[in-house]
file coords-v9.pdb (PDB, C-alpha atoms and all ligand atoms)
ATOM      1  CA  MET A  20     181.843-123.427 -17.024
ATOM      2  CA  VAL A  21     181.519-127.234 -16.879
ATOM      3  CA  VAL A  22     181.896-129.505 -19.887
ATOM      4  CA  THR A  23     179.428-132.399 -19.612
ATOM      5  CA  LYS A  24     180.119-134.090 -22.945
ATOM      6  CA  ASP A  25     182.712-133.674 -25.654
ATOM      7  CA  ASP A  26     183.932-135.069 -28.943
ATOM      8  CA  THR A  27     186.455-134.135 -31.626
ATOM      9  CA  MET A  28     185.973-134.548 -35.384
ATOM     10  CA  GLU A  29     188.360-134.264 -38.314
ATOM     11  CA  ILE A  30     187.755-131.766 -41.115
ATOM     12  CA  ARG A  31     189.958-132.987 -43.982
ATOM     13  CA  VAL A  32     187.635-133.441 -46.974
ATOM     14  CA  SER A  33     184.345-131.824 -47.975
ATOM     15  CA  ASP A  34     182.358-134.899 -46.837
ATOM     16  CA  HIS A  35     183.550-134.111 -43.320
ATOM     17  CA  VAL A  36     181.717-130.766 -43.458
ATOM     18  CA  VAL A  37     178.514-132.753 -43.969
ATOM     19  CA  LEU A  38     179.338-135.006 -40.990
ATOM     20  CA  VAL A  39     180.054-131.970 -38.788
ATOM     21  CA  ARG A  40     176.668-130.477 -39.691
ATOM     22  CA  GLN A  41     174.950-133.771 -38.832
ATOM     23  CA  ALA A  42     176.724-133.986 -35.467
ATOM     24  CA  VAL A  43     175.890-130.373 -34.603
ATOM     25  CA  ARG A  44     172.252-131.022 -35.486
ATOM     26  CA  LYS A  45     172.195-134.093 -33.200
ATOM     27  CA  TRP A  46     173.807-132.257 -30.275
ATOM     28  CA  SER A  47     171.550-129.219 -30.714
ATOM     29  CA  ILE A  48     168.464-131.415 -30.630
ATOM     30  CA  GLU A  49     169.746-133.215 -27.530
ATOM     31  CA  LEU A  50     170.165-129.845 -25.832
ATOM     32  CA  GLY A  51     166.583-128.970 -26.679
ATOM     33  CA  PHE A  52     167.421-126.027 -28.979
ATOM     34  CA  SER A  53     164.475-124.542 -30.844
ATOM     35  CA  LEU A  54     164.350-125.234 -34.581
ATOM     36  CA  VAL A  55     165.584-121.730 -35.378
ATOM     37  CA  ASP A  56     168.473-122.046 -32.894
ATOM     38  CA  GLN A  57     169.397-125.459 -34.308
ATOM     39  CA  THR A  58     169.422-124.002 -37.803
ATOM     40  CA  LYS A  59     171.598-121.061 -36.733
ATOM     41  CA  MET A  60     174.146-123.301 -35.033
ATOM     42  CA  ILE A  61     174.274-125.763 -37.965
ATOM     43  CA  THR A  62     174.709-122.920 -40.449
ATOM     44  CA  ALA A  63     177.497-121.280 -38.413
ATOM     45  CA  ALA A  64     179.213-124.670 -38.072
ATOM     46  CA  SER A  65     178.964-125.226 -41.807
ATOM     47  CA  GLU A  66     180.596-121.850 -42.551
ATOM     48  CA  LEU A  67     183.438-122.367 -40.083
ATOM     49  CA  ALA A  68     184.067-125.978 -41.088
ATOM     50  CA  ARG A  69     184.349-124.916 -44.703
ATOM     51  CA  ASN A  70     186.801-122.147 -43.799
ATOM     52  CA  THR A  71     188.880-124.669 -41.836
ATOM     53  CA  LEU A  72     188.956-126.875 -44.913
ATOM     54  CA  ASP A  73     189.384-124.245 -47.637
ATOM     55  CA  TYR A  74     191.698-121.741 -45.974
ATOM     56  CA  GLY A  75     193.128-123.610 -42.983
ATOM     57  CA  LYS A  76     194.045-126.603 -45.165
ATOM     58  CA  GLY A  77     192.055-128.892 -42.882
ATOM     59  CA  GLY A  78     191.819-129.236 -39.130
ATOM     60  CA  THR A  79     189.469-130.344 -36.394
ATOM     61  CA  VAL A  80     186.338-129.311 -34.571
ATOM     62  CA  ARG A  81     185.720-129.982 -30.893
ATOM     63  CA  LEU A  82     182.110-130.240 -29.769
ATOM     64  CA  GLU A  83     181.331-129.563 -26.126
ATOM     65  CA  ARG A  84     178.130-129.517 -24.159
ATOM     66  CA  VAL A  85     178.685-126.838 -21.558
ATOM     67  CA  GLU A  86     176.874-125.689 -18.445
ATOM     68  CA  GLU A  87     177.229-122.455 -16.572
ATOM     69  CA  GLY A  88     174.948-122.047 -13.577
ATOM     70  CA  MET A  89     171.482-122.782 -14.917
ATOM     71  CA  LYS A  90     172.521-122.249 -18.524
ATOM     72  CA  LYS A  91     173.181-125.088 -20.959
ATOM     73  CA  GLY A  92     174.835-124.618 -24.303
ATOM     74  CA  LEU A  93     176.862-125.969 -27.183
ATOM     75  CA  ARG A  94     180.419-124.838 -27.771
ATOM     76  CA  LEU A  95     182.308-125.574 -30.980
ATOM     77  CA  THR A  96     186.024-124.988 -31.463
ATOM     78  CA  PHE A  97     187.423-125.071 -34.994
ATOM     79  CA  GLU A  98     191.173-125.349 -35.174
ATOM     80  CA  ASP A  99     193.703-125.541 -37.969
ATOM     81  CA  GLN A 100     197.458-125.225 -38.474
ATOM     82  CA  GLY A 101     197.037-123.303 -41.723
ATOM     83  CA  PRO A 102     198.408-119.933 -42.826
ATOM     84  CA  GLY A 103     196.494-117.852 -40.261
ATOM     85  CA  ILE A 104     194.685-114.594 -41.020
ATOM     86  CA  PRO A 105     196.949-111.559 -41.574
ATOM     87  CA  ASP A 106     194.241-108.907 -41.293
ATOM     88  CA  LEU A 107     191.596-110.162 -38.871
ATOM     89  CA  GLU A 108     189.613-106.960 -38.853
ATOM     90  CA  LYS A 109     189.167-107.117 -42.621
ATOM     91  CA  ALA A 110     188.369-110.838 -42.531
ATOM     92  CA  LEU A 111     185.532-110.112 -40.096
ATOM     93  CA  THR A 112     183.997-107.549 -42.450
ATOM     94  CA  ASP A 113     180.900-108.477 -44.471
ATOM     95  CA  GLY A 114     181.865-109.176 -48.065
ATOM     96  CA  TYR A 115     185.609-109.539 -47.562
ATOM     97  CA  THR A 116     187.070-112.636 -49.222
ATOM     98  CA  THR A 117     190.494-113.699 -50.425
ATOM     99  CA  GLY A 118     188.943-116.651 -52.228
ATOM    100  CA  ARG A 119     185.916-116.979 -54.464
ATOM    101  CA  GLY A 120     183.440-116.750 -51.605
ATOM    102  CA  MET A 121     180.950-114.068 -50.664
ATOM    103  CA  GLY A 122     182.909-113.107 -47.577
ATOM    104  CA  MET A 123     179.960-113.744 -45.287
ATOM    105  CA  GLY A 124     181.194-116.808 -43.396
ATOM    106  CA  LEU A 125     183.030-115.245 -40.462
ATOM    107  CA  SER A 126     180.974-112.093 -40.030
ATOM    108  CA  GLY A 127     177.717-113.954 -40.624
ATOM    109  CA  SER A 128     178.378-116.840 -38.263
ATOM    110  CA  LYS A 129     179.333-114.332 -35.576
ATOM    111  CA  ARG A 130     175.778-112.972 -35.803
ATOM    112  CA  LEU A 131     174.297-116.469 -35.524
ATOM    113  CA  VAL A 132     175.776-117.318 -32.114
ATOM    114  CA  ASN A 133     175.899-115.858 -28.591
ATOM    115  CA  GLU A 134     179.668-115.950 -28.174
ATOM    116  CA  PHE A 135     182.334-115.736 -30.847
ATOM    117  CA  ASP A 136     186.061-115.809 -30.316
ATOM    118  CA  ILE A 137     188.853-115.995 -32.831
ATOM    119  CA  ALA A 138     192.586-116.445 -32.309
ATOM    120  CA  THR A 139     194.917-116.499 -35.274
ATOM    121  CA  LYS A 140     198.617-116.212 -35.973
ATOM    122  CA  VAL A 141     200.218-115.927 -39.389
ATOM    123  CA  GLY A 142     202.100-119.107 -40.217
ATOM    124  CA  GLU A 143     200.678-120.976 -37.240
ATOM    125  CA  GLY A 144     196.956-121.340 -37.651
ATOM    126  CA  THR A 145     193.500-120.254 -36.631
ATOM    127  CA  ARG A 146     191.100-121.181 -33.845
ATOM    128  CA  VAL A 147     187.473-120.069 -33.851
ATOM    129  CA  THR A 148     185.247-120.780 -30.850
ATOM    130  CA  ILE A 149     181.500-120.274 -30.903
ATOM    131  CA  THR A 150     178.884-120.879 -28.218
ATOM    132  CA  ARG A 151     175.152-120.863 -28.367
ATOM    133  CA  TRP A 152     173.118-121.025 -25.149
ATOM    134  CA  LYS A 153     169.749-122.651 -24.856
TER     135      LYS A 153
ATOM    136  CA  MET B  15     178.266-140.286 -62.116
ATOM    137  CA  GLU B  16     176.051-138.802 -59.406
ATOM    138  CA  ARG B  17     173.717-136.061 -60.667
ATOM    139  CA  ILE B  18     170.824-133.924 -59.492
ATOM    140  CA  PRO B  19     167.853-134.713 -61.766
ATOM    141  CA  ILE B  20     166.301-131.868 -63.754
ATOM    142  CA  LEU B  21     162.603-132.164 -64.613
ATOM    143  CA  LYS B  22     161.029-130.465 -67.613
ATOM    144  CA  MET B  23     157.515-129.068 -67.065
ATOM    145  CA  GLY B  24     156.314-127.235 -70.150
ATOM    146  CA  ASP B  25     158.333-124.051 -70.502
ATOM    147  CA  PHE B  26     160.046-124.544 -67.164
ATOM    148  CA  LEU B  27     162.686-126.693 -65.539
ATOM    149  CA  ILE B  28     162.443-127.984 -61.967
ATOM    150  CA  VAL B  29     165.409-128.916 -59.825
ATOM    151  CA  THR B  30     164.913-130.491 -56.413
ATOM    152  CA  ILE B  31     167.898-130.179 -54.138
ATOM    153  CA  GLN B  32     167.755-132.953 -51.583
ATOM    154  CA  VAL B  33     171.257-133.958 -50.780
ATOM    155  CA  ASP B  34     174.179-132.243 -49.228
ATOM    156  CA  MET B  35     175.770-130.818 -52.329
ATOM    157  CA  HIS B  36     179.478-131.168 -52.812
ATOM    158  CA  ASP B  37     181.469-129.059 -55.224
ATOM    159  CA  ARG B  38     181.474-131.435 -58.180
ATOM    160  CA  LEU B  39     177.728-132.038 -57.953
ATOM    161  CA  VAL B  40     177.159-128.266 -58.042
ATOM    162  CA  THR B  41     179.324-127.865 -61.145
ATOM    163  CA  THR B  42     177.555-130.745 -62.901
ATOM    164  CA  LEU B  43     174.145-129.292 -62.035
ATOM    165  CA  GLN B  44     175.089-125.871 -63.431
ATOM    166  CA  ASP B  45     176.390-127.440 -66.654
ATOM    167  CA  ASP B  46     173.290-129.642 -67.038
ATOM    168  CA  LEU B  47     170.971-126.686 -66.438
ATOM    169  CA  THR B  48     172.731-124.468 -68.963
ATOM    170  CA  SER B  49     172.476-127.054 -71.693
ATOM    171  CA  MET B  50     168.838-127.861 -70.871
ATOM    172  CA  ILE B  51     167.768-124.203 -70.811
ATOM    173  CA  SER B  52     169.235-123.641 -74.249
ATOM    174  CA  SER B  53     168.154-126.941 -75.809
ATOM    175  CA  HIS B  54     164.543-126.618 -74.574
ATOM    176  CA  GLY B  55     164.358-122.833 -74.795
ATOM    177  CA  SER B  56     163.091-122.780 -71.200
ATOM    178  CA  HIS B  57     161.831-119.496 -69.760
ATOM    179  CA  GLY B  58     162.161-120.357 -66.101
ATOM    180  CA  VAL B  59     163.936-122.486 -63.526
ATOM    181  CA  LEU B  60     162.370-123.592 -60.238
ATOM    182  CA  ILE B  61     164.761-124.615 -57.503
ATOM    183  CA  ASP B  62     162.995-126.596 -54.789
ATOM    184  CA  ILE B  63     164.910-126.410 -51.502
ATOM    185  CA  SER B  64     162.129-127.657 -49.212
ATOM    186  CA  SER B  65     164.225-130.563 -47.994
ATOM    187  CA  LEU B  66     167.231-128.440 -47.042
ATOM    188  CA  ASP B  67     167.531-127.766 -43.305
ATOM    189  CA  MET B  68     170.114-125.039 -43.820
ATOM    190  CA  VAL B  69     171.418-122.736 -46.507
ATOM    191  CA  ASP B  70     174.966-121.524 -45.998
ATOM    192  CA  SER B  71     177.051-119.229 -48.173
ATOM    193  CA  PHE B  72     178.143-122.208 -50.284
ATOM    194  CA  ILE B  73     174.569-123.097 -51.271
ATOM    195  CA  GLY B  74     173.659-119.402 -51.454
ATOM    196  CA  ARG B  75     176.431-118.864 -53.955
ATOM    197  CA  MET B  76     175.267-121.849 -56.011
ATOM    198  CA  ILE B  77     171.718-120.477 -56.170
ATOM    199  CA  GLY B  78     173.065-117.045 -57.138
ATOM    200  CA  ASN B  79     175.216-118.560 -59.872
ATOM    201  CA  ILE B  80     172.310-120.541 -61.305
ATOM    202  CA  ALA B  81     170.150-117.404 -61.323
ATOM    203  CA  GLY B  82     172.842-115.341 -63.035
ATOM    204  CA  MET B  83     173.495-117.992 -65.632
ATOM    205  CA  SER B  84     169.775-118.452 -66.328
ATOM    206  CA  ARG B  85     169.326-114.716 -66.731
ATOM    207  CA  VAL B  86     171.983-114.657 -69.448
ATOM    208  CA  LEU B  87     169.994-117.365 -71.229
ATOM    209  CA  ASP B  88     166.783-115.346 -70.811
ATOM    210  CA  ALA B  89     165.261-117.574 -68.137
ATOM    211  CA  GLU B  90     164.077-116.567 -64.679
ATOM    212  CA  THR B  91     164.866-118.351 -61.427
ATOM    213  CA  VAL B  92     162.473-118.889 -58.545
ATOM    214  CA  VAL B  93     163.505-120.583 -55.318
ATOM    215  CA  VAL B  94     160.641-122.473 -53.704
ATOM    216  CA  GLY B  95     160.000-124.181 -50.381
ATOM    217  CA  MET B  96     162.496-122.408 -48.167
ATOM    218  CA  ARG B  97     161.736-123.406 -44.577
ATOM    219  CA  PRO B  98     160.958-120.516 -42.210
ATOM    220  CA  ALA B  99     163.882-121.327 -39.874
ATOM    221  CA  VAL B 100     166.201-121.361 -42.891
ATOM    222  CA  ALA B 101     164.866-118.009 -44.099
ATOM    223  CA  ILE B 102     165.366-116.407 -40.669
ATOM    224  CA  THR B 103     168.918-117.737 -40.447
ATOM    225  CA  LEU B 104     169.743-116.616 -43.971
ATOM    226  CA  VAL B 105     168.793-113.035 -43.165
ATOM    227  CA  GLU B 106     170.881-113.014 -39.994
ATOM    228  CA  LEU B 107     173.825-114.573 -41.823
ATOM    229  CA  GLY B 108     173.543-111.599 -44.168
ATOM    230  CA  LEU B 109     173.019-113.406 -47.437
ATOM    231  CA  SER B 110     170.798-111.661 -49.903
ATOM    232  CA  LEU B 111     169.878-113.846 -52.824
ATOM    233  CA  ASP B 112     170.076-110.961 -55.256
ATOM    234  CA  GLY B 113     167.894-111.267 -58.313
ATOM    235  CA  VAL B 114     166.334-114.468 -57.049
ATOM    236  CA  ARG B 115     162.626-114.564 -56.368
ATOM    237  CA  THR B 116     161.080-116.898 -53.851
ATOM    238  CA  ALA B 117     157.724-118.622 -53.585
ATOM    239  CA  LEU B 118     156.125-120.795 -50.917
ATOM    240  CA  ASP B 119     155.908-123.976 -52.974
ATOM    241  CA  VAL B 120     156.325-125.358 -56.497
ATOM    242  CA  GLU B 121     152.738-124.531 -57.429
ATOM    243  CA  LYS B 122     153.028-120.865 -56.409
ATOM    244  CA  GLY B 123     156.421-120.708 -58.063
ATOM    245  CA  MET B 124     154.908-121.884 -61.336
ATOM    246  CA  ILE B 125     152.194-119.228 -61.110
ATOM    247  CA  LEU B 126     154.856-116.583 -60.556
ATOM    248  CA  LEU B 127     156.910-117.782 -63.507
ATOM    249  CA  ARG B 128     153.886-118.039 -65.808
ATOM    250  CA  ALA B 129     152.792-114.511 -64.948
ATOM    251  CA  SER B 130     156.198-113.018 -65.561
ATOM    252  CA  THR B 131     156.732-114.968 -68.773
ATOM    253  CA  ARG B 132     153.365-113.734 -70.052
ATOM    254  CA  ARG B 133     154.284-110.184 -69.071
ATOM    255  CA  ARG B 134     157.582-110.410 -70.872
ATOM    256  CA  LEU B 135     156.027-111.824 -74.037
ATOM    257  CA  THR B 136     153.434-109.026 -74.091
ATOM    258  CA  GLU B 137     156.160-106.415 -73.642
ATOM    259  CA  GLU B 138     158.123-107.920 -76.525
ATOM    260  CA  ASP B 139     154.963-107.758 -78.652
ATOM    261  CA  GLU B 140     154.469-104.094 -77.854
ATOM    262  CA  ASP B 141     158.130-103.329 -78.527
ATOM    263  CA  GLY B 142     157.715-104.947 -81.947
ATOM    264  CA  ARG B 143     154.678-102.817 -82.721
ATOM    265  CA  ASP B 144     156.428 -99.589 -81.683
ATOM    266  CA  GLU B 145     159.217-100.282 -84.103
ATOM    267  CA  GLY B 146     156.874-101.236 -86.956
TER     268      GLY B 146
HETATM  269  N1  LIG A 201     190.667-120.818 -40.988
HETATM  270  C1  LIG A 201     191.146-119.819 -41.752
HETATM  271  N2  LIG A 201     192.475-119.756 -42.063
HETATM  272  C2  LIG A 201     192.963-118.757 -42.843
HETATM  273  N3  LIG A 201     192.211-117.776 -43.364
HETATM  274  C3  LIG A 201     190.898-117.771 -43.101
HETATM  275  C4  LIG A 201     190.282-118.774 -42.284
HETATM  276  N4  LIG A 201     188.970-118.494 -42.174
HETATM  277  C5  LIG A 201     188.758-117.388 -42.897
HETATM  278  N5  LIG A 201     189.903-116.926 -43.454
HETATM  279  C6  LIG A 201     190.084-115.704 -44.274
HETATM  280  O1  LIG A 201     189.021-114.815 -43.980
HETATM  281  C7  LIG A 201     188.313-114.471 -45.179
HETATM  282  C8  LIG A 201     186.863-114.260 -44.853
HETATM  283  O2  LIG A 201     186.255-115.486 -44.480
HETATM  284  P1  LIG A 201     184.680-115.668 -44.686
HETATM  285  O3  LIG A 201     184.293-117.039 -44.275
HETATM  286  O4  LIG A 201     184.005-114.527 -44.025
HETATM  287  O5  LIG A 201     184.497-115.483 -46.251
HETATM  288  P2  LIG A 201     184.835-116.510 -47.432
HETATM  289  O6  LIG A 201     185.081-117.867 -46.888
HETATM  290  O7  LIG A 201     185.918-115.904 -48.249
HETATM  291  O8  LIG A 201     183.486-116.520 -48.248
HETATM  292  P3  LIG A 201     182.121-117.289 -47.832
HETATM  293  O9  LIG A 201     182.304-117.837 -46.460
HETATM  294  O10 LIG A 201     181.061-116.252 -47.888
HETATM  295  O11 LIG A 201     181.947-118.358 -48.850
HETATM  296  C9  LIG A 201     188.601-115.608 -46.133
HETATM  297  O12 LIG A 201     188.483-115.204 -47.476
HETATM  298  C10 LIG A 201     190.039-115.973 -45.750
HETATM  299  O13 LIG A 201     190.950-115.105 -46.372
HETATM  300 MG    MG A 202     183.849-118.818 -45.527
END

call {"tool": "encode", "arguments": {"input": "coords-v9.pdb", "output": "structure tokens"}}
result
Amino acid sequence: MVVTKDDTMEIRVSDHVVLVRQAVRKWSIELGFSLVDQTKMITAASELARNTLDYGKGGTVRLERVEEGMKKGLRLTFEDQGPGIPDLEKALTDGYTTGRGMGMGLSGSKRLVNEFDIATKVGEGTRVTITRWK
Amino acid sequence: MERIPILKMGDFLIVTIQVDMHDRLVTTLQDDLTSMISSHGSHGVLIDISSLDMVDSFIGRMIGNIAGMSRVLDAETVVVGMRPAVAITLVELGLSLDGVRTALDVEKGMILLRASTRRRLTEEDEDGRDEG
């Protein structure tokens, strides 16, 4: 996989979630994503950015335009040095929340993308990587 | 302070959500709506989301909260103007806006609200007669 463009953004306050959504929209349009695909990627990014902020106590997102053979896509990596997720299996279940949410962020955004990867360690942090191909 | 305007149209209230809502704006909107529903005795709330290009669980929860709160105050909520791409994404995300009805646009939303208000008033009438 080749990275042809990349950028990193901070997620420290709720206004940053808005900026992340705007950036993801711009990159998705540049890649020629259909309207539905744009919307899916923006929505997944919004969910993960909010988790980074609310549970991860802030972090960053890395945006990458990737190419693999003939395929072009957008990869987003959300990273924080927060408390980590003790029970990942539960956290990935529809409706599971330790906050006041609906517990749909992780499980739902997984359905909205082509590739979903999560690495987490209690006391160290969480990294979620999603990719959507054109 | 920044606020989302609430329009009164006869028996109903109309809220147009245009901006990226942050937490405080959501709280203010819910407070404003509650007091307007009770002070005007409104029977319905229309939430126009035609300018939103995505609905995530944060906005979904806000809509659900408004609907629940309105129900307690005897008003119905209709969400209007959801874009097709947003609707498709919402389903895949797994959000079900429980107890919230949707309509294509404000006009159709008003028709829906009027019909159900009329129905409810008739039912209340009949209930009254049964008891008497
Ligand atoms: N970056 C993170 N760091 C630590 N814990 C996390 C992180 N992301 C998610 N979690 C945990 O996983 C749970 C499930 O997350 P998910 O996004 O699915 O639901 P939610 O955020 O609680 O609610 P919703 O997203 O529907 O508003 C969270 O309640 C939280 O306990
Ligand atoms: Mg979440």

call {"tool": "closest_residue", "arguments": {"input": "coords-v9.pdb", "among": "A:Thr148, A:Ser47, A:Gln41, A:Ser33", "to": "chain B", "atoms": "all atoms listed in the file"}}
result
A:Ser33

call {"tool": "closest_residue", "arguments": {"input": "coords-v9.pdb", "among": "A:Gly122, A:Gly127, A:Gly114, A:Pro105", "to": "ligand LIG 201 (chain A)", "atoms": "only C-alpha atoms and all ligand atoms"}}
result
A:Gly122

call {"tool": "axis_aligned_box", "arguments": {"input": "coords-v9.pdb", "around": "ligand LIG 201 (chain A)", "padding_each_side": "3 Å", "output": "AutoDock Vina command-line options"}}
result
--center_x 187.0 --center_y -117.5 --center_z -44.9 --size_x 17.9 --size_y 12.6 --size_z 13.9

call {"tool": "residues_near_ligand", "arguments": {"input": "coords-v9.pdb", "ligand": "ligand LIG 201 (chain A)", "cutoff": "7 Å", "atoms": "only C-alpha atoms and all ligand atoms", "output": "ChimeraX atom specification"}}
result
/A:66-67,70-71,74-75,99,101-104,110-111,113,115-126,144-145 /B:71-72

call {"tool": "atom_distance", "arguments": {"input": "coords-v9.pdb", "atom1": "atom CA of Ala81 of chain B", "atom2": "atom CA of Gly58 of chain B"}}
result
9.8 Å

call {"tool": "resolve_selection", "arguments": {"input": "coords-v9.pdb", "expression": "the PyMOL selection byres (((chain B and resi 55) around 12) and not hetatm)", "output": "MDAnalysis selection string"}}
result
chainID B and resid 22 24:27 47:54 56:59 84 87:90

call {"tool": "write_last_selection", "arguments": {"input": "coords-v9.pdb", "atoms": "C-alpha atoms", "output": "PDB file, keeping the file's coordinate frame"}}
result
ATOM      1  CA  LYS B  22     161.029-130.465 -67.613  1.00  0.00           C
ATOM      2  CA  GLY B  24     156.314-127.235 -70.150  1.00  0.00           C
ATOM      3  CA  ASP B  25     158.333-124.051 -70.502  1.00  0.00           C
ATOM      4  CA  PHE B  26     160.046-124.544 -67.164  1.00  0.00           C
ATOM      5  CA  LEU B  27     162.686-126.693 -65.539  1.00  0.00           C
ATOM      6  CA  LEU B  47     170.971-126.686 -66.438  1.00  0.00           C
ATOM      7  CA  THR B  48     172.731-124.468 -68.963  1.00  0.00           C
ATOM      8  CA  SER B  49     172.476-127.054 -71.693  1.00  0.00           C
ATOM      9  CA  MET B  50     168.838-127.861 -70.871  1.00  0.00           C
ATOM     10  CA  ILE B  51     167.768-124.203 -70.811  1.00  0.00           C
ATOM     11  CA  SER B  52     169.235-123.641 -74.249  1.00  0.00           C
ATOM     12  CA  SER B  53     168.154-126.941 -75.809  1.00  0.00           C
ATOM     13  CA  HIS B  54     164.543-126.618 -74.574  1.00  0.00           C
ATOM     14  CA  SER B  56     163.091-122.780 -71.200  1.00  0.00           C
ATOM     15  CA  HIS B  57     161.831-119.496 -69.760  1.00  0.00           C
ATOM     16  CA  GLY B  58     162.161-120.357 -66.101  1.00  0.00           C
ATOM     17  CA  VAL B  59     163.936-122.486 -63.526  1.00  0.00           C
ATOM     18  CA  SER B  84     169.775-118.452 -66.328  1.00  0.00           C
ATOM     19  CA  LEU B  87     169.994-117.365 -71.229  1.00  0.00           C
ATOM     20  CA  ASP B  88     166.783-115.346 -70.811  1.00  0.00           C
ATOM     21  CA  ALA B  89     165.261-117.574 -68.137  1.00  0.00           C
ATOM     22  CA  GLU B  90     164.077-116.567 -64.679  1.00  0.00           C
TER      23      GLU B  90
END

call {"tool": "atom_distance", "arguments": {"input": "coords-v9.pdb", "atom1": "atom CA of Leu66 of chain B", "atom2": "atom CA of Gln32 of chain B"}}
result
6.4 Å

call {"tool": "atom_distance", "arguments": {"input": "coords-v9.pdb", "atom1": "atom CA of Val132 of chain A", "atom2": "atom CA of Arg97 of chain B"}}
result
19.7 Å

call {"tool": "resolve_selection", "arguments": {"input": "coords-v9.pdb", "expression": "the PyMOL selection byres (((chain A and resi 39) around 8) and not hetatm)", "output": "PyMOL selection string"}}
result
chain A and resi 28+35-38+40-43+64-65+68

call {"tool": "closest_residue", "arguments": {"input": "coords-v9.pdb", "among": "A:Lys109, A:Arg94, A:Arg84, A:Arg44", "to": "chain B", "atoms": "only C-alpha atoms"}}
result
A:Arg44

call {"tool": "closest_atom_pairs", "arguments": {"input": "coords-v9.pdb", "of": "chain A", "to": "chain B", "cutoff": "6 Å", "atoms": "all atoms listed in the file", "output": "tab-separated table"}}
result
residue	atom	partner	partner_atom	distance
A:Val55	CA	B:Ala99	CA	4.8
A:Lys59	CA	B:Thr103	CA	5.7
A:Thr62	CA	B:Asp70	CA	5.7
A:Gly127	CA	B:Leu107	CA	4.1

call {"tool": "residues_around", "arguments": {"input": "coords-v9.pdb", "residues": "Glu29 of chain A", "least_positions_apart": "6", "cutoff": "8 Å", "atoms": "only C-alpha atoms", "output": "tab-separated table (two decimals) with C-alpha atoms, in the coordinates of the input"}}
result
chain	number	residue	atom	x	y	z
A	35	HIS	CA	183.55	-134.11	-43.32
A	77	GLY	CA	192.06	-128.89	-42.88
A	78	GLY	CA	191.82	-129.24	-39.13
A	79	THR	CA	189.47	-130.34	-36.39
A	80	VAL	CA	186.34	-129.31	-34.57

call {"tool": "resolve_selection", "arguments": {"input": "coords-v9.pdb", "expression": "the PyMOL selection byres (((chain A and resi 26) around 9) and not hetatm)", "output": "count of residues only"}}
result
8

call {"tool": "residues_around", "arguments": {"input": "coords-v9.pdb", "residues": "Gly123 of chain B", "least_positions_apart": "6", "cutoff": "12 Å", "atoms": "only C-alpha atoms", "output": "number ranges by chain"}}
result
B: 26-28, 58-62, 90-96, 114-117, 129-130

call {"tool": "closest_residue", "arguments": {"input": "coords-v9.pdb", "among": "A:Val85, A:Leu107, A:Ala63, A:Ile149", "to": "ligand MG 202 (chain A)", "atoms": "only C-alpha atoms and all ligand atoms"}}
result
A:Ala63

call {"tool": "residues_near_point", "arguments": {"input": "coords-v9.pdb", "point": "(168.3, -123.2, -22.1)", "cutoff": "8 Å", "atoms": "only C-alpha atoms", "output": "short mmCIF file (atom, residue, chain, number, x, y, z; two decimals) with C-alpha atoms, in the frame of the given file"}}
result
data_model
loop_
_atom_site.label_atom_id
_atom_site.label_comp_id
_atom_site.auth_asym_id
_atom_site.auth_seq_id
_atom_site.Cartn_x
_atom_site.Cartn_y
_atom_site.Cartn_z
CA LEU A 50 170.16 -129.84 -25.83
CA GLY A 51 166.58 -128.97 -26.68
CA PHE A 52 167.42 -126.03 -28.98
CA MET A 89 171.48 -122.78 -14.92
CA LYS A 90 172.52 -122.25 -18.52
CA LYS A 91 173.18 -125.09 -20.96
CA GLY A 92 174.84 -124.62 -24.30
CA TRP A 152 173.12 -121.02 -25.15
CA LYS A 153 169.75 -122.65 -24.86
#

call {"tool": "decode", "arguments": {"input": "coords-v9.pdb", "residues": "segment 46-54 of chain B", "atoms": "N, CA and C atoms", "output": "short mmCIF file (atom, residue, chain, number, x, y, z; two decimals), in the first residue's frame"}}
result
data_model
loop_
_atom_site.label_atom_id
_atom_site.label_comp_id
_atom_site.auth_asym_id
_atom_site.auth_seq_id
_atom_site.Cartn_x
_atom_site.Cartn_y
_atom_site.Cartn_z
N ASP B 46 -35.10 25.50 25.59
CA ASP B 46 -35.97 26.46 24.89
C ASP B 46 -37.23 25.78 24.38
N LEU B 47 -37.06 24.57 23.82
CA LEU B 47 -38.21 23.85 23.28
C LEU B 47 -39.20 23.48 24.38
N THR B 48 -38.68 22.97 25.48
CA THR B 48 -39.55 22.59 26.59
C THR B 48 -40.39 23.78 27.04
N SER B 49 -39.75 24.92 27.23
CA SER B 49 -40.53 26.05 27.73
C SER B 49 -41.50 26.56 26.67
N MET B 50 -41.13 26.48 25.39
CA MET B 50 -42.06 26.94 24.35
C MET B 50 -43.24 26.00 24.17
N ILE B 51 -42.99 24.69 24.27
CA ILE B 51 -44.11 23.74 24.14
C ILE B 51 -45.13 24.00 25.24
N SER B 52 -44.64 24.18 26.47
CA SER B 52 -45.61 24.38 27.55
C SER B 52 -46.24 25.77 27.52
N SER B 53 -45.47 26.81 27.17
CA SER B 53 -46.09 28.14 27.19
C SER B 53 -47.08 28.32 26.04
N HIS B 54 -46.85 27.70 24.89
CA HIS B 54 -47.77 27.84 23.76
C HIS B 54 -48.75 26.69 23.66
#
